[in-house]
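Asks: Below you'll find target.txt; it's compact mmCIF, C-alpha atoms and all ligand atoms.
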```
# COMPACT_ATOMS: atom_id res chain seq x y z
CA MET P 1 96.99 125.75 73.34
CA SER P 2 94.61 126.83 76.06
CA ALA P 3 91.20 126.74 74.31
CA THR P 4 90.41 123.65 72.23
CA ARG P 5 87.37 122.31 70.44
CA TRP P 6 87.10 118.53 70.22
CA LEU P 7 84.61 116.80 67.98
CA ALA P 8 83.80 113.36 69.34
CA GLU P 9 82.31 110.79 66.99
CA TYR P 10 80.59 109.48 70.14
CA ALA P 11 80.81 110.78 73.70
CA TRP P 12 79.37 109.27 76.86
CA LEU P 13 77.63 112.13 78.67
CA PRO P 14 76.44 112.07 82.31
CA GLU P 15 73.09 110.44 83.04
CA GLU P 16 72.93 108.95 79.54
CA ALA P 17 72.26 105.23 79.14
CA GLU P 18 74.48 105.11 76.08
CA PRO P 19 76.86 107.30 74.07
CA THR P 20 75.67 110.34 72.12
CA PRO P 21 76.88 110.76 68.50
CA ASP P 22 78.67 113.89 67.25
CA VAL P 23 79.40 115.87 70.38
CA LEU P 24 81.35 119.13 70.37
CA ILE P 25 83.42 119.41 73.58
CA GLU P 26 85.11 122.72 74.35
CA THR P 27 87.92 123.02 76.87
CA VAL P 28 89.88 125.97 78.23
CA HIS P 29 93.05 125.13 80.14
CA ASP P 30 92.10 122.29 82.48
CA ARG P 31 88.30 122.63 82.33
CA ILE P 32 85.42 121.62 80.10
CA THR P 33 83.60 124.81 79.07
CA GLY P 34 81.10 123.48 76.55
CA VAL P 35 79.35 120.20 75.67
CA THR P 36 77.07 120.37 72.63
CA PRO P 37 75.48 117.40 70.88
CA LEU P 38 75.35 118.34 67.18
CA ALA P 39 72.89 115.82 65.83
CA PRO P 40 70.71 115.86 63.89
CA ASP P 41 71.75 118.91 61.81
CA GLY P 42 75.47 118.67 62.58
CA ARG P 43 75.90 122.23 63.83
CA PRO P 44 75.44 123.87 67.21
CA ASP P 45 74.00 127.03 65.61
CA ALA P 46 72.88 127.38 62.03
CA GLY P 47 75.32 129.56 60.13
CA VAL P 48 78.16 129.45 62.65
CA ASP P 49 80.91 127.12 61.57
CA VAL P 50 82.85 126.35 64.71
CA LEU P 51 83.88 122.94 63.50
CA ALA P 52 86.59 123.90 61.04
CA ASP P 53 89.30 123.97 63.69
CA ALA P 54 87.91 121.18 65.88
CA VAL P 55 90.18 118.25 66.75
CA ARG P 56 88.44 115.08 65.56
CA LEU P 57 88.12 112.24 68.04
CA PRO P 58 87.15 109.14 66.06
CA GLY P 59 85.67 106.40 68.24
CA LEU P 60 84.05 106.70 71.66
CA THR P 61 85.18 109.42 74.06
CA LEU P 62 84.74 108.65 77.75
CA PRO P 63 85.47 110.78 80.79
CA GLY P 64 88.79 110.14 82.53
CA LEU P 65 88.90 106.79 84.30
CA ALA P 66 89.89 106.48 87.96
CA ASN P 67 92.01 103.70 89.40
CA ALA P 68 90.87 104.02 92.99
CA HIS P 69 93.16 101.41 94.53
CA SER P 70 96.82 100.90 93.62
CA HIS P 71 99.98 99.56 95.19
CA ALA P 72 102.38 100.63 92.45
CA PHE P 73 105.21 98.28 93.44
CA HIS P 74 103.03 95.17 93.11
CA ARG P 75 103.36 95.63 89.34
CA ALA P 76 106.83 94.06 89.68
CA LEU P 77 105.13 90.75 90.59
CA ARG P 78 103.05 90.45 87.41
CA GLY P 79 103.65 87.11 85.72
CA ARG P 80 106.01 85.97 88.46
CA THR P 81 103.61 84.50 91.02
CA HIS P 82 100.99 82.87 88.88
CA SER P 83 102.14 79.29 88.68
CA GLY P 84 102.12 76.75 91.43
CA ARG P 85 99.84 76.56 94.42
CA GLY P 86 99.33 79.00 97.23
CA ASP P 87 96.91 81.67 98.35
CA PHE P 88 96.81 85.33 99.35
CA TRP P 89 99.23 84.72 102.21
CA SER P 90 101.92 82.92 100.15
CA TRP P 91 101.62 85.62 97.46
CA ARG P 92 102.17 88.20 100.20
CA ASP P 93 105.56 86.70 101.06
CA GLN P 94 106.67 87.19 97.45
CA MET P 95 105.32 90.75 97.51
CA TYR P 96 107.34 91.50 100.66
CA ALA P 97 110.53 90.36 98.90
CA VAL P 98 110.06 93.15 96.34
CA ALA P 99 109.09 95.65 99.03
CA THR P 100 112.41 95.07 100.73
CA ARG P 101 114.34 96.06 97.60
CA LEU P 102 112.82 99.50 97.03
CA ASP P 103 114.32 102.88 97.91
CA PRO P 104 113.11 106.35 96.90
CA ASP P 105 115.04 106.34 93.60
CA SER P 106 114.01 102.87 92.45
CA TYR P 107 110.44 103.50 93.59
CA LEU P 108 110.29 106.72 91.55
CA ALA P 109 111.44 104.84 88.44
CA LEU P 110 109.03 101.95 88.97
CA ALA P 111 106.01 104.07 89.88
CA ARG P 112 106.61 106.47 86.98
CA ALA P 113 106.44 103.52 84.56
CA VAL P 114 103.40 102.00 86.29
CA TYR P 115 101.48 105.28 86.31
CA ALA P 116 102.39 105.77 82.65
CA GLU P 117 100.98 102.29 81.95
CA MET P 118 97.80 103.43 83.71
CA ALA P 119 97.69 106.53 81.49
CA LEU P 120 97.85 104.30 78.40
CA SER P 121 94.77 102.47 79.68
CA GLY P 122 92.74 105.69 80.11
CA VAL P 123 93.36 106.29 83.81
CA THR P 124 93.62 110.00 84.61
CA GLY P 125 93.65 109.71 88.41
CA VAL P 126 95.00 107.07 90.78
CA GLY P 127 94.64 106.37 94.48
CA GLU P 128 97.94 105.06 95.79
CA PHE P 129 97.48 103.10 99.02
CA HIS P 130 100.98 103.77 100.25
CA TYR P 131 102.65 102.03 103.18
CA LEU P 132 106.34 101.66 102.20
CA HIS P 133 107.26 104.60 104.38
CA HIS P 134 110.69 103.96 105.89
CA GLY P 135 114.00 102.25 105.18
CA PRO P 136 114.01 98.44 104.99
CA ASP P 137 114.80 98.03 108.71
CA GLY P 138 112.23 100.63 109.76
CA THR P 139 114.67 103.54 110.11
CA PRO P 140 113.11 106.71 108.68
CA TYR P 141 114.79 108.37 105.71
CA ALA P 142 116.30 111.86 106.25
CA ASP P 143 112.97 113.12 104.90
CA PRO P 144 110.52 110.72 106.57
CA ASN P 145 108.16 111.23 103.62
CA ALA P 146 110.83 110.49 100.97
CA MET P 147 108.93 107.51 99.55
CA GLY P 148 105.73 109.57 99.30
CA VAL P 149 107.69 112.35 97.59
CA ALA P 150 108.89 109.76 95.04
CA LEU P 151 105.30 108.71 94.29
CA VAL P 152 104.16 112.32 93.91
CA GLU P 153 107.00 112.97 91.47
CA ALA P 154 106.26 109.72 89.62
CA ALA P 155 102.65 110.76 89.00
CA ALA P 156 103.76 114.21 87.86
CA GLN P 157 106.20 112.72 85.36
CA ALA P 158 103.64 110.18 84.14
CA GLY P 159 101.06 112.97 83.76
CA ILE P 160 98.18 111.69 85.90
CA ARG P 161 96.61 112.98 89.11
CA LEU P 162 97.37 111.23 92.37
CA THR P 163 95.64 110.88 95.69
CA LEU P 164 98.36 109.67 98.02
CA LEU P 165 96.51 107.57 100.59
CA ASP P 166 99.17 107.56 103.26
CA THR P 167 98.62 104.38 105.18
CA CYS P 168 98.78 103.79 108.91
CA TYR P 169 100.24 100.30 109.43
CA LEU P 170 101.23 99.48 113.00
CA THR P 171 100.75 95.80 113.83
CA ALA P 172 101.06 92.41 112.14
CA SER P 173 97.81 90.89 113.37
CA VAL P 174 94.43 91.74 114.87
CA ASP P 175 95.74 90.74 118.31
CA GLY P 176 98.56 93.27 118.05
CA ARG P 177 101.71 91.34 117.21
CA PRO P 178 104.54 93.77 116.39
CA LEU P 179 105.83 94.32 112.87
CA THR P 180 108.87 92.22 112.07
CA GLY P 181 111.13 91.59 109.08
CA PRO P 182 109.94 93.19 105.83
CA GLN P 183 106.95 94.78 107.57
CA GLN P 184 109.13 97.03 109.72
CA ARG P 185 109.37 99.70 107.07
CA PHE P 186 105.58 100.12 107.07
CA GLY P 187 105.32 101.26 110.68
CA ASP P 188 105.35 104.64 112.41
CA GLY P 189 105.05 103.23 115.95
CA ASP P 190 101.61 104.58 116.72
CA ALA P 191 98.83 106.54 115.04
CA LEU P 192 99.86 109.86 116.58
CA ARG P 193 103.35 109.56 115.09
CA TRP P 194 101.79 108.53 111.77
CA ALA P 195 99.70 111.74 111.88
CA GLU P 196 102.74 113.85 112.81
CA ARG P 197 104.69 112.53 109.85
CA LEU P 198 101.78 113.21 107.54
CA ASP P 199 101.21 116.72 108.92
CA ALA P 200 104.80 117.52 107.95
CA PHE P 201 104.17 116.43 104.34
CA THR P 202 103.24 119.20 101.91
CA PRO P 203 103.50 117.63 98.46
CA ASP P 204 104.26 119.80 95.44
CA GLY P 205 101.87 120.18 92.57
CA GLY P 206 98.24 120.70 91.61
CA HIS P 207 98.10 117.08 90.49
CA VAL P 208 98.20 115.66 94.01
CA ARG P 209 96.10 115.53 97.14
CA LEU P 210 96.73 113.75 100.39
CA GLY P 211 94.40 111.20 101.88
CA ALA P 212 94.60 108.75 104.75
CA ALA P 213 94.36 104.99 104.92
CA ILE P 214 93.99 102.37 107.59
CA HIS P 215 95.76 99.34 106.20
CA SER P 216 93.19 96.98 107.77
CA VAL P 217 91.90 95.94 111.17
CA ARG P 218 94.95 93.65 111.25
CA ALA P 219 97.32 96.59 111.13
CA VAL P 220 95.76 99.33 113.27
CA PRO P 221 94.70 98.56 116.87
CA ALA P 222 91.06 99.34 117.59
CA GLU P 223 91.86 102.11 120.07
CA GLN P 224 93.93 103.95 117.44
CA LEU P 225 91.42 103.80 114.58
CA ALA P 226 89.78 107.07 115.63
CA THR P 227 93.10 108.92 115.44
CA VAL P 228 93.43 108.09 111.75
CA ALA P 229 89.75 108.81 111.06
CA GLY P 230 90.07 112.11 112.92
CA TRP P 231 93.04 113.18 110.80
CA ALA P 232 91.02 112.58 107.63
CA GLN P 233 88.00 114.45 109.01
CA ARG P 234 90.07 117.47 110.07
CA ARG P 235 91.66 117.65 106.64
CA ASP P 236 88.43 116.90 104.77
CA ALA P 237 90.45 114.16 103.10
CA PRO P 238 89.42 110.75 101.77
CA LEU P 239 89.95 107.76 104.06
CA HIS P 240 90.46 104.27 102.65
CA VAL P 241 90.69 100.90 104.38
CA HIS P 242 91.17 97.28 103.25
CA LEU P 243 88.11 95.42 104.50
CA SER P 244 87.23 91.73 104.68
CA GLU P 245 89.32 90.67 101.70
CA GLN P 246 89.88 87.33 103.41
CA PRO P 247 87.63 85.23 105.68
CA ALA P 248 90.66 84.83 107.98
CA GLU P 249 90.49 88.57 108.75
CA ASN P 250 86.83 88.23 109.77
CA ASP P 251 87.61 85.20 111.95
CA ALA P 252 90.53 86.91 113.70
CA CYS P 253 88.48 90.06 114.31
CA ARG P 254 85.62 88.07 115.81
CA ALA P 255 88.05 86.17 118.03
CA VAL P 256 89.73 89.32 119.38
CA HIS P 257 86.93 91.91 119.30
CA GLY P 258 83.78 89.78 119.15
CA CYS P 259 82.53 91.51 115.99
CA THR P 260 83.14 91.80 112.27
CA PRO P 261 85.75 94.22 110.90
CA THR P 262 82.97 96.42 109.48
CA ARG P 263 81.29 96.64 112.90
CA LEU P 264 84.63 97.50 114.51
CA LEU P 265 85.23 100.30 111.99
CA ALA P 266 81.68 101.60 112.51
CA ASP P 267 82.11 101.65 116.30
CA HIS P 268 85.31 103.70 115.98
CA GLY P 269 84.01 106.36 113.63
CA VAL P 270 85.74 105.13 110.48
CA LEU P 271 82.70 104.76 108.20
CA GLY P 272 81.07 107.63 106.30
CA ARG P 273 80.77 109.39 102.94
CA ALA P 274 84.48 110.21 102.75
CA THR P 275 85.45 106.61 103.46
CA THR P 276 86.08 103.87 100.92
CA ALA P 277 86.32 100.23 101.96
CA VAL P 278 88.54 98.29 99.58
CA HIS P 279 87.40 94.78 98.53
CA ALA P 280 84.56 94.08 101.00
CA THR P 281 84.61 90.58 99.56
CA HIS P 282 83.26 88.79 102.63
CA PRO P 283 80.81 91.12 104.42
CA THR P 284 77.80 89.86 106.35
CA SER P 285 74.33 91.21 105.54
CA ALA P 286 74.59 93.42 108.60
CA ASP P 287 77.95 94.72 107.34
CA VAL P 288 76.38 95.67 104.01
CA GLY P 289 73.70 97.54 105.95
CA LEU P 290 76.30 99.44 107.99
CA LEU P 291 78.23 100.42 104.86
CA GLY P 292 75.08 101.45 102.99
CA ASP P 293 73.48 103.41 105.84
CA SER P 294 76.69 105.40 106.33
CA ARG P 295 77.10 105.87 102.54
CA THR P 296 80.60 104.40 102.79
CA GLY P 297 81.96 103.56 99.35
CA VAL P 298 83.38 100.22 98.27
CA CYS P 299 86.26 99.85 95.83
CA LEU P 300 86.10 96.52 94.06
CA CYS P 301 89.30 95.05 92.59
CA PRO P 302 87.99 92.01 90.69
CA THR P 303 91.11 91.11 88.72
CA THR P 304 93.19 91.04 91.90
CA GLU P 305 90.47 89.27 93.87
CA ARG P 306 90.37 86.49 91.28
CA ASP P 307 94.16 86.37 90.97
CA LEU P 308 94.57 85.96 94.73
CA ALA P 309 91.64 83.54 95.07
CA ASP P 310 89.89 85.94 97.45
CA GLY P 311 86.33 85.27 96.35
CA ILE P 312 83.51 87.33 94.83
CA GLY P 313 82.09 90.31 96.69
CA PRO P 314 78.32 90.94 96.71
CA ALA P 315 78.51 93.87 94.28
CA ARG P 316 74.84 94.16 93.33
CA ARG P 317 73.68 93.77 96.90
CA MET P 318 76.08 96.51 97.99
CA ALA P 319 74.98 98.86 95.18
CA ASP P 320 71.32 98.25 96.09
CA ALA P 321 72.15 99.17 99.71
CA GLY P 322 73.25 102.63 98.53
CA ILE P 323 76.99 101.97 98.52
CA PRO P 324 78.85 103.87 95.76
CA LEU P 325 81.07 101.39 93.90
CA SER P 326 84.47 102.27 92.47
CA LEU P 327 87.21 100.16 90.86
CA GLY P 328 90.90 99.53 91.39
CA SER P 329 93.58 97.40 89.80
CA ASP P 330 95.21 96.95 93.22
CA SER P 331 98.04 94.41 92.64
CA HIS P 332 98.22 95.23 88.90
CA ALA P 333 98.05 91.63 87.72
CA VAL P 334 96.13 93.55 85.03
CA ILE P 335 95.90 97.32 84.50
CA ASP P 336 92.68 97.64 82.53
CA LEU P 337 89.59 99.39 83.91
CA PHE P 338 87.45 97.85 81.14
CA GLU P 339 88.37 94.43 82.46
CA GLU P 340 87.69 95.47 86.08
CA ALA P 341 84.30 96.92 85.14
CA ARG P 342 83.03 93.96 83.15
CA ALA P 343 84.29 91.60 85.85
CA VAL P 344 81.86 93.23 88.29
CA GLU P 345 78.99 92.16 86.04
CA LEU P 346 80.44 88.84 84.91
CA ASP P 347 81.31 87.69 88.44
CA GLU P 348 77.67 88.28 89.44
CA ARG P 349 76.63 86.14 86.48
CA LEU P 350 78.85 83.28 87.62
CA ARG P 351 77.47 83.47 91.11
CA THR P 352 73.79 83.82 90.21
CA ARG P 353 73.69 82.05 86.83
CA LYS P 354 71.71 85.05 85.58
CA ARG P 355 72.75 87.89 83.24
CA GLY P 356 72.20 91.63 83.38
CA HIS P 357 72.98 92.92 86.88
CA PHE P 358 74.68 96.22 86.03
CA THR P 359 73.95 98.55 83.13
CA PRO P 360 76.85 99.79 81.00
CA ALA P 361 76.21 103.28 82.41
CA GLU P 362 76.60 101.96 85.97
CA LEU P 363 79.90 100.34 85.01
CA LEU P 364 81.07 103.65 83.51
CA THR P 365 80.15 105.50 86.71
CA ALA P 366 82.13 103.03 88.83
CA ALA P 367 85.13 103.39 86.50
CA SER P 368 84.98 107.18 86.34
CA SER P 369 83.06 109.69 88.50
CA ALA P 370 82.57 107.39 91.51
CA GLY P 371 86.26 106.52 91.50
CA HIS P 372 87.43 110.11 91.24
CA ALA P 373 84.99 111.10 94.01
CA ALA P 374 86.34 108.31 96.24
CA LEU P 375 89.76 109.92 95.79
CA GLY P 376 88.50 113.41 96.65
CA TRP P 377 88.33 114.74 93.07
CA THR P 378 84.64 115.56 92.89
CA ASP P 379 85.19 117.67 89.75
CA ALA P 380 86.46 114.81 87.59
CA GLY P 381 85.01 111.85 85.76
CA ARG P 382 82.16 113.42 83.78
CA ILE P 383 82.07 115.08 80.38
CA ALA P 384 80.23 118.10 81.74
CA VAL P 385 80.76 121.86 81.86
CA GLY P 386 82.96 122.79 84.81
CA ASP P 387 84.54 119.37 85.15
CA ARG P 388 88.22 118.71 84.56
CA ALA P 389 89.16 118.37 80.91
CA ASP P 390 89.87 114.62 80.93
CA LEU P 391 88.91 112.84 77.70
CA VAL P 392 89.62 109.18 76.98
CA THR P 393 89.00 108.10 73.41
CA VAL P 394 88.52 104.41 72.64
CA ARG P 395 88.90 103.02 69.14
CA LEU P 396 85.81 101.44 67.62
CA ASP P 397 87.78 100.03 64.68
CA SER P 398 90.25 97.71 66.41
CA VAL P 399 90.16 93.96 66.04
CA ARG P 400 88.34 93.80 69.38
CA THR P 401 85.89 96.65 68.89
CA ALA P 402 85.06 96.59 65.16
CA GLY P 403 81.33 96.16 64.72
CA VAL P 404 80.57 96.72 68.41
CA THR P 405 77.87 99.20 69.40
CA PRO P 406 79.51 102.07 71.32
CA ALA P 407 77.84 101.11 74.61
CA GLY P 408 79.27 97.62 74.15
CA VAL P 409 82.84 98.72 74.81
CA TRP P 410 82.49 97.59 78.43
CA PHE P 411 82.18 94.02 77.19
CA ALA P 412 84.55 94.22 74.23
CA ALA P 413 87.32 96.79 74.65
CA GLY P 414 90.55 96.60 76.56
CA ALA P 415 93.27 98.99 77.61
CA ALA P 416 94.98 98.47 74.22
CA ASP P 417 92.00 100.12 72.50
CA VAL P 418 92.60 103.48 74.18
CA ALA P 419 93.81 105.73 71.36
CA GLN P 420 94.08 109.11 73.04
CA VAL P 421 94.04 110.44 76.60
CA VAL P 422 93.70 114.07 77.60
CA VAL P 423 94.37 114.92 81.26
CA ASP P 424 93.52 118.39 82.54
CA GLY P 425 93.42 119.65 78.94
CA GLN P 426 96.81 118.22 77.92
CA VAL P 427 97.23 115.35 75.46
CA LEU P 428 99.08 112.63 77.37
CA VAL P 429 98.50 109.63 75.10
CA ARG P 430 98.37 109.98 71.33
CA ASP P 431 97.84 107.07 68.90
CA GLY P 432 98.11 104.68 71.84
CA ARG P 433 101.53 105.97 72.90
CA HIS P 434 102.50 107.95 75.97
CA VAL P 435 103.87 111.29 74.79
CA ARG P 436 106.98 111.19 76.99
CA VAL P 437 107.44 107.76 78.60
CA ASP P 438 108.60 104.63 76.75
CA VAL P 439 106.38 102.52 78.97
CA PRO P 440 107.45 98.93 78.13
CA GLN P 441 111.13 99.85 78.24
CA GLU P 442 110.86 101.70 81.55
CA LEU P 443 108.76 98.93 83.12
CA ALA P 444 111.32 96.30 82.10
CA THR P 445 114.25 98.30 83.45
CA ALA P 446 112.57 99.30 86.72
CA ILE P 447 111.29 95.79 87.43
CA ALA P 448 114.67 94.19 86.67
CA GLU P 449 116.19 96.60 89.19
CA VAL P 450 114.01 95.31 92.05
CA THR P 451 113.73 91.62 91.12
CA THR P 452 117.17 90.58 89.83
CA PRO P 453 118.98 88.70 92.61
ZN ZN X 501 95.27 96.68 98.36
```
The structure in this file should be written as structure tokens.
Replies:
Amino acid sequence: MSATRWLAEYAWLPEEAEPTPDVLIETVHDRITGVTPLAPDGRPDAGVDVLADAVRLPGLTLPGLANAHSHAFHRALRGRTHSGRGDFWSWRDQMYAVATRLDPDSYLALARAVYAEMALSGVTGVGEFHYLHHGPDGTPYADPNAMGVALVEAAAQAGIRLTLLDTCYLTASVDGRPLTGPQQRFGDGDALRWAERLDAFTPDGGHVRLGAAIHSVRAVPAEQLATVAGWAQRRDAPLHVHLSEQPAENDACRAVHGCTPTRLLADHGVLGRATTAVHATHPTSADVGLLGDSRTGVCLCPTTERDLADGIGPARRMADAGIPLSLGSDSHAVIDLFEEARAVELDERLRTRKRGHFTPAELLTAASSAGHAALGWTDAGRIAVGDRADLVTVRLDSVRTAGVTPAGVWFAAGAADVAQVVVDGQVLVRDGRHVRVDVPQELATAIAEVTTP
């Protein structure tokens, strides 16, 4: 089945404020080759009936969604850390306990299930911010990229594309304390050795590309930031970095370096169009200017930021400064890009006590083309000729979406309303079920494996 005609009841086309009814979408192999709105006469050309063999897509068809920030193993913590008091830092201790349990086999099983859960929610590409590199005591595996290999294989088996953002993680604090305990497996010693390991990694498959990440200004000493940024520039690869998720990071950076984390990254050549700052929850006005002027992207992760009591980032102010916004489910307290997208708008409402900050089309862009672009897939995330054949069809007849106008899905739909997902021309989710992974069963088994004492 290489050439297919799809007839979407509604499709959300690029630059459109709302969905278009009755759109014929033609795909050949992994590409979109035709996009033809049929209204008002219902045919692309009078007298030519090309619709007889078209696959009907009832509901609203969106481009493939991008989950631009993921730590797959955090999924094992869902529903286990949500009672009692605490903050980001106490949650992190629980997260480290799971990290200690993983090896390449158990990580493959867990990540395969997590990426399949993402597929069910309409995600066709994920950015995995990956720092579990070595054995639990820091000793490299026989293949020092064995954990990365497991993630690449997991994405292949789950059927989605992956940007493996291999993360440089060297120190435990801004003032350079060494990694100890569960953090030891994150470290390569220094940025040059991190780059050497990554240069030796040639992952298999057209579904994957390599990117780089700086864990944060806590984890990479200032004088080594340029080494990581230089690797990404040489490889024309995306570069991601956690930025100002917590006020404590800003305070520590000011104390050690006399400037904000954003300023430190700017001074060491980390910012730019290929760079995505993750969170940016607590930037100063000057920081927003630095990010905007350099066209650095920001990946917002609102469901994680609220779960971890991080705060609310200045999303509208950042968008107005020219910063492309993307979305990530990060700790996977929730895997639902509809929820992430509407949270961007709804959090602004809570802060400002005013409605209407982002249009539905802006939320779609953040959840699709901007996210794929942040991961280096500039040919994904739009229903347009030449783009990858990713089609995500959302039911408009579910208990949540019945009676909703198609553009209203961003405020009404959830991951459970995704009926069908096509990735690179292949049907991956049909009638709300993954075609080859029993997702709940595999999640339960894989999570039990890494959490049972
Ligand atoms: Zn993160």
Asks: Find the residue from P:Gly127, P:Pro182, P:Pro406, P:Gly414 that sits nearest to ligand ZN 501 (chain X); use only C-alpha atoms and all ligand atoms when measuring.
Replies: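 Selected residue with least distance to ligand ZN 501 (chain X): P:Gly127.
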Asks: Kindly compile the residues surrounding ligand ZN 501 (chain X) within 12 Å, counting only C-alpha atoms and all ligand atoms, and format them as an mmCIF file with C-alpha atoms, in the coordinates of the input.
Replies:
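The result, stored in selection.cif:
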```cif
data_model
loop_
_atom_site.group_PDB
_atom_site.id
_atom_site.type_symbol
_atom_site.label_atom_id
_atom_site.label_comp_id
_atom_site.auth_asym_id
_atom_site.auth_seq_id
_atom_site.Cartn_x
_atom_site.Cartn_y
_atom_site.Cartn_z
ATOM 1 C CA ASN P 67 92.010 103.700 89.400
ATOM 2 C CA ALA P 68 90.870 104.020 92.990
ATOM 3 C CA HIS P 69 93.160 101.410 94.530
ATOM 4 C CA SER P 70 96.820 100.900 93.620
ATOM 5 C CA HIS P 71 99.980 99.560 95.190
ATOM 6 C CA ALA P 72 102.380 100.630 92.450
ATOM 7 C CA PHE P 73 105.210 98.280 93.440
ATOM 8 C CA HIS P 74 103.030 95.170 93.110
ATOM 9 C CA PHE P 88 96.810 85.330 99.350
ATOM 10 C CA ARG P 92 102.170 88.200 100.200
ATOM 11 C CA MET P 95 105.320 90.750 97.510
ATOM 12 C CA GLY P 127 94.640 106.370 94.480
ATOM 13 C CA GLU P 128 97.940 105.060 95.790
ATOM 14 C CA PHE P 129 97.480 103.100 99.020
ATOM 15 C CA HIS P 130 100.980 103.770 100.250
ATOM 16 C CA TYR P 131 102.650 102.030 103.180
ATOM 17 C CA LEU P 165 96.510 107.570 100.590
ATOM 18 C CA THR P 167 98.620 104.380 105.180
ATOM 19 C CA ALA P 213 94.360 104.990 104.920
ATOM 20 C CA ILE P 214 93.990 102.370 107.590
ATOM 21 C CA HIS P 215 95.760 99.340 106.200
ATOM 22 C CA SER P 216 93.190 96.980 107.770
ATOM 23 C CA HIS P 240 90.460 104.270 102.650
ATOM 24 C CA VAL P 241 90.690 100.900 104.380
ATOM 25 C CA HIS P 242 91.170 97.280 103.250
ATOM 26 C CA LEU P 243 88.110 95.420 104.500
ATOM 27 C CA SER P 244 87.230 91.730 104.680
ATOM 28 C CA GLU P 245 89.320 90.670 101.700
ATOM 29 C CA GLN P 246 89.880 87.330 103.410
ATOM 30 C CA THR P 276 86.080 103.870 100.920
ATOM 31 C CA ALA P 277 86.320 100.230 101.960
ATOM 32 C CA VAL P 278 88.540 98.290 99.580
ATOM 33 C CA HIS P 279 87.400 94.780 98.530
ATOM 34 C CA ALA P 280 84.560 94.080 101.000
ATOM 35 C CA CYS P 299 86.260 99.850 95.830
ATOM 36 C CA LEU P 300 86.100 96.520 94.060
ATOM 37 C CA CYS P 301 89.300 95.050 92.590
ATOM 38 C CA PRO P 302 87.990 92.010 90.690
ATOM 39 C CA THR P 303 91.110 91.110 88.720
ATOM 40 C CA THR P 304 93.190 91.040 91.900
ATOM 41 C CA GLU P 305 90.470 89.270 93.870
ATOM 42 C CA LEU P 308 94.570 85.960 94.730
ATOM 43 C CA LEU P 327 87.210 100.160 90.860
ATOM 44 C CA GLY P 328 90.900 99.530 91.390
ATOM 45 C CA SER P 329 93.580 97.400 89.800
ATOM 46 C CA ASP P 330 95.210 96.950 93.220
ATOM 47 C CA SER P 331 98.040 94.410 92.640
ATOM 48 C CA HIS P 332 98.220 95.230 88.900
#
```
Asks: Excluding same-chain residues fewer than 5 positions from stretch 32-36 of chain P, what lies within 7 Å of it counting only C-alpha atoms, as JSON, numbers by chain?
Replies: {"P": [23, 24, 25, 26, 27, 44, 384, 385, 386, 387, 388, 389]}
Asks: Near stretch 194-210 of chain P, within 9 Å and counting only C-alpha atoms, which residues show up once chain neighbours fewer than 2 positions away are dropped, as a VMD selection string?
Replies: chain P and resid 125 144 to 145 148 to 149 152 to 153 155 to 156 159 to 169 187 to 192 212 227 to 228 231 235 237 to 238 375 to 377
Asks: I need the residue nearest P:Thr451 from this list: P:Thr20, P:Thr4, P:Ala99, P:Arg112. Use only C-alpha atoms for the distance.
Replies: P:Ala99
Asks: Using Å and a single decimal, report how far atom CA of P:Ala343 sits from atom CA of P:Asn250.
Replies: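 Result for atom CA of P:Asn250 versus atom CA of P:Ala343: 24.3 Å, one decimal.
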Asks: Write out as a PyMOL selection string the residues lying within 10 Å of stretch 398-404 of chain P, counting all atoms listed in the file and excluding same-chain residues fewer than 4 positions away.
Replies: chain P and resi 59+394+408-409+411-414+416-418
Asks: Between P:Pro453, P:Gly432, P:Gly425, P:Pro178, which is the closest to P:Arg5 once you count all atoms listed in the file?
Replies: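 Looking at the shortest contact to P:Arg5, the residue is P:Gly425.
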Asks: Please, what distance in Å, to one decimal, runs between atom CA of P:Ala97 and atom CA of P:Glu442?
Replies: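 Going from atom CA of P:Ala97 over to atom CA of P:Glu442, I get 20.7 Å.
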Asks: Taking only C-alpha atoms into account, name the residue in P:Gln426, P:Thr378, P:Ser90, P:Gln420 that is nearest to P:Thr393.
Replies: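 Smallest distance to P:Thr393 is found for P:Gln420.
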Asks: Can you tell me, as a VMD selection string, what residues are no more than 12 Å from P:Met318 when counting all atoms listed in the file, ignoring any on the same chain fewer than 2 positions away?
Replies: chain P and resid 277 279 to 293 295 to 300 313 to 316 320 to 326 344 348
Asks: Could you jot down the atom CA of P:Leu65 to atom CA of P:Ala367 separation for me, Å, one decimal place?
Replies: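 Those two atoms sit 5.5 Å apart.
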Asks: Go through P:Phe186, P:Ala111, P:Ala266, P:Ala222 and flag the residue nearest P:Gln157, using only C-alpha atoms for the distances.
Replies: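 Of the candidates, the smallest distance to P:Gln157 is held by P:Ala111.
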Asks: I'd like to know which of P:Leu62, P:Ala172, P:Val217, P:Ala142 is closest to P:Leu364, using only C-alpha atoms.
Replies: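 Among the listed residues, the smallest separation from P:Leu364 belongs to P:Leu62.
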Asks: Using all atoms listed in the file, can you list as a short mmCIF file (atom, residue, chain, number, x, y, z; two decimals) with C-alpha atoms, keeping the file's coordinate frame the residues within 9 Å of (83.7, 109.5, 107.8)?
Replies:
```
data_model
loop_
_atom_site.label_atom_id
_atom_site.label_comp_id
_atom_site.auth_asym_id
_atom_site.auth_seq_id
_atom_site.Cartn_x
_atom_site.Cartn_y
_atom_site.Cartn_z
CA ALA P 229 89.75 108.81 111.06
CA GLY P 230 90.07 112.11 112.92
CA ALA P 232 91.02 112.58 107.63
CA GLN P 233 88.00 114.45 109.01
CA PRO P 238 89.42 110.75 101.77
CA LEU P 239 89.95 107.76 104.06
CA GLY P 269 84.01 106.36 113.63
CA VAL P 270 85.74 105.13 110.48
CA LEU P 271 82.70 104.76 108.20
CA GLY P 272 81.07 107.63 106.30
CA ARG P 273 80.77 109.39 102.94
CA ALA P 274 84.48 110.21 102.75
CA THR P 275 85.45 106.61 103.46
CA SER P 294 76.69 105.40 106.33
CA THR P 296 80.60 104.40 102.79
#
```
